[in-house]
Structure formats: structure tokens, C-alpha cells
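Report on one structure; see the data block that follows.
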Amino acid sequence: LPAGARLTMPRPTRNQNKKGTVIKPAEDKKPSVKDSDAAYAFMRERIVAGHYAPGQQIKEEPVARELGVSRTPVRAALKRLIDDGLATSGAGQGVHVVVWGDMDIEETFHLRMLLEPYAACLAAERGGEAMVRRLRELNADMSAGIDAQDVEKIQLTNRLFHQTLLEHCASPRLRTILETMADIPILSRSFYLSDQAELEQSLTATLREPHFRI
């Protein structure tokens, strides 16, 4: 080396360690199915419960931080929400909770009214006494939740009721179609009615009576 010169080593880049080995970013890893399912269930529940307001943007980073996962499974879960019609995505605008108009809610409700009786018929033919007992238990829990205005209990029981029917109807195609509708925020409109009598009337019309008829 010339007099006064110093030997310097090249600094590792952002994607290299001290030995020069290339390190792939965490986001390049294949998303965990378990993490993706957990993120999906978490965000779907919040949408249905009204925690995320219609039109509100859902950002990957806060959800990932709250769940303790990387952004990759959250991104995959957001895509599922979009596919299910619970969220929308615009070019460069991020993912937003879908805005439901009265026509959207009415259409979804009528589609369920057309398809769920068929699912119930199949379940009646293919299910057994254990299924009937389970549905009666869930009806009782649903009624208690409505009387107590317990939103979380109503949501959980409603979901379990429909899951039980779909499991016993033994029709994968029908189950796929109805699972995307079972938690559509038809319920959200009822959960936040301020008047007790109005709340009771709405929940009875949309949940208690249809479930007991089934």
C-alpha cells in the first residue's frame, strides 16, 4: 500500500451480513397458513362487529403488530376479505371496508333466504339427533344473548349455528357459497340500534325467529 493509505473492507449492504452472505427479507418467506387464517378471522370479526367502520382503511402494519405476525399473512388475509366481498381495493388506495347500502344488504339477505332452507333440508336428511340437539342448544344460547344484548355471544352463536348446518348438509359447493354470507354485516345494523325495543324487534326478526323455524 502507498504510504499513509489505509486498508478498508467493503461494508455489507442492507441485505448482507458481516460475512457478505445475502439475507432475504422476511417478507420473502411464504406466509404461514395458520397466521393467515388467524389474521383473516381477526379482521373479519372486527368488520362484522362494526369495529372497522364502512369505508375505513385497514392497514397491514397495525394489524400485523397487534397479532405479532409479519405483514405477509395479513396481506394474504386482506385478499381473502376482498374475495369475500367484505373489503375493496383500489389502485394505490389500499384496502377499505366495503360500504354496504340498503340494496346490498337486502340482496344478500334474500340470497341467504333462498339458499339456507335448501342447506337446512340437506342437513335434516343427512344429519342426526346429535345435530338436532346441538342446534337446539345454540338456539337457547342465541335467545339468551339477544335478551342480554350480548353482541359477542350473538355473533359467536349465530356463526356456530350456521356452521353446524353447513357441516351436516355435506355439500362443499353450498357450504362455500353460504360461508361467505353468514357473517355479512346484516347483523351490524341491528347491533347498534340505540332503542332497546327496536334492537329486540330487529334481532328477533333477523335471528331468533328464523333460527327457531329452522
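Residues in the C-alpha cells are named by chain (A, B, ... in the order shown) and by number from 1 within that chain; ligands are numbered from 1 in the order shown.
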
Tell me, as a tab-separated table (two decimals) with N, CA, C and O atoms, in the first residue's frame, which residues lie within 12 Å of Ala38 of chain A, counting only C-alpha atoms; anything in the same chain fewer than 2 positions away does not count.
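Dumped to selection.tsv:
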```tsv
chain	number	residue	atom	x	y	z
A	31	PRO	N	-46.10	-17.14	3.43
A	31	PRO	CA	-46.91	-16.85	4.61
A	31	PRO	C	-47.40	-18.13	5.28
A	31	PRO	O	-47.76	-19.10	4.61
A	32	SER	N	-47.41	-18.13	6.62
A	32	SER	CA	-47.93	-19.26	7.37
A	32	SER	C	-49.44	-19.32	7.20
A	32	SER	O	-50.14	-18.32	7.36
A	33	VAL	N	-49.94	-20.51	6.85
A	33	VAL	CA	-51.38	-20.68	6.69
A	33	VAL	C	-52.09	-20.38	8.00
A	33	VAL	O	-53.15	-19.74	8.02
A	34	LYS	N	-51.49	-20.83	9.10
A	34	LYS	CA	-52.09	-20.60	10.41
A	34	LYS	C	-52.16	-19.11	10.72
A	34	LYS	O	-53.19	-18.61	11.19
A	35	ASP	N	-51.08	-18.38	10.46
A	35	ASP	CA	-51.07	-16.93	10.71
A	35	ASP	C	-52.07	-16.22	9.81
A	35	ASP	O	-52.75	-15.28	10.23
A	36	SER	N	-52.15	-16.65	8.55
A	36	SER	CA	-53.07	-16.03	7.61
A	36	SER	C	-54.51	-16.25	8.03
A	36	SER	O	-55.34	-15.34	7.98
A	40	TYR	N	-57.14	-13.40	9.14
A	40	TYR	CA	-58.42	-13.32	8.43
A	40	TYR	C	-59.58	-13.32	9.42
A	40	TYR	O	-60.48	-12.48	9.35
A	41	ALA	N	-59.57	-14.27	10.37
A	41	ALA	CA	-60.65	-14.36	11.35
A	41	ALA	C	-60.71	-13.10	12.21
A	41	ALA	O	-61.79	-12.60	12.52
A	42	PHE	N	-59.54	-12.58	12.57
A	42	PHE	CA	-59.46	-11.38	13.41
A	42	PHE	C	-60.10	-10.18	12.70
A	42	PHE	O	-60.94	-9.47	13.27
A	43	MET	N	-59.72	-9.95	11.44
A	43	MET	CA	-60.23	-8.78	10.72
A	43	MET	C	-61.69	-8.96	10.32
A	43	MET	O	-62.47	-8.01	10.36
A	44	ARG	N	-62.07	-10.17	9.96
A	44	ARG	CA	-63.46	-10.43	9.59
A	44	ARG	C	-64.38	-10.17	10.78
A	44	ARG	O	-65.44	-9.56	10.64
A	45	GLU	N	-63.97	-10.65	11.94
A	45	GLU	CA	-64.77	-10.44	13.15
A	45	GLU	C	-64.94	-8.95	13.44
A	45	GLU	O	-66.03	-8.49	13.81
A	63	VAL	N	-52.24	-4.17	12.03
A	63	VAL	CA	-52.83	-5.49	12.28
A	63	VAL	C	-51.73	-6.50	12.57
A	63	VAL	O	-51.83	-7.31	13.49
A	64	ALA	N	-50.65	-6.46	11.77
A	64	ALA	CA	-49.53	-7.38	11.97
A	64	ALA	C	-48.91	-7.18	13.35
A	64	ALA	O	-48.58	-8.15	14.05
A	66	GLU	N	-50.39	-5.95	16.03
A	66	GLU	CA	-51.33	-6.37	17.07
A	66	GLU	C	-51.37	-7.90	17.21
A	66	GLU	O	-51.52	-8.42	18.31
A	67	LEU	N	-51.22	-8.60	16.09
A	67	LEU	CA	-51.27	-10.06	16.12
A	67	LEU	C	-49.90	-10.69	16.34
A	67	LEU	O	-49.80	-11.90	16.56
A	68	GLY	N	-48.84	-9.89	16.24
A	68	GLY	CA	-47.50	-10.42	16.42
A	68	GLY	C	-47.02	-11.28	15.28
A	68	GLY	O	-46.31	-12.27	15.48
A	69	VAL	N	-47.43	-10.92	14.04
A	69	VAL	CA	-47.02	-11.67	12.86
A	69	VAL	C	-46.40	-10.69	11.86
A	69	VAL	O	-46.44	-9.47	12.05
A	73	PRO	N	-48.76	-12.63	6.05
A	73	PRO	CA	-50.05	-13.29	6.27
A	73	PRO	C	-51.21	-12.32	6.36
A	73	PRO	O	-52.34	-12.66	5.98
A	74	VAL	N	-50.95	-11.11	6.84
A	74	VAL	CA	-52.01	-10.10	6.89
A	74	VAL	C	-52.42	-9.71	5.48
A	74	VAL	O	-53.61	-9.56	5.17
A	76	ALA	N	-52.22	-11.59	2.83
A	76	ALA	CA	-52.98	-12.71	2.28
A	76	ALA	C	-54.41	-12.71	2.83
A	76	ALA	O	-55.37	-13.00	2.10
A	77	ALA	N	-54.55	-12.39	4.10
A	77	ALA	CA	-55.88	-12.35	4.72
A	77	ALA	C	-56.73	-11.22	4.13
A	77	ALA	O	-57.94	-11.37	3.93
A	78	LEU	N	-56.11	-10.09	3.87
A	78	LEU	CA	-56.83	-8.97	3.26
A	78	LEU	C	-57.36	-9.35	1.87
A	78	LEU	O	-58.47	-8.97	1.49
```

*Counting only C-alpha atoms, what is within 6 Å of His168 of chain A, bar same-chain residues fewer than 2 positions away, as a ChimeraX atom specification?*
/A:123,127,165-166,170

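Comparing the minimum interatomic distances between Arg75 of chain A and each of A:Val95, A:Leu174, A:Cys121, A:Met103, counting only C-alpha atoms, we find that A:Val95 sits nearest.
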
_Show me, as a count of residues only, the residues that have an atom within 12 Å of Ser89 of chain A when counting only C-alpha atoms, minus same-chain residues fewer than 2 positions from it._
23

_Interatomic distance (Å, one decimal) between atom CA of Phe161 of chain A and atom CA of Thr88 of chain A_ = 27.9 Å
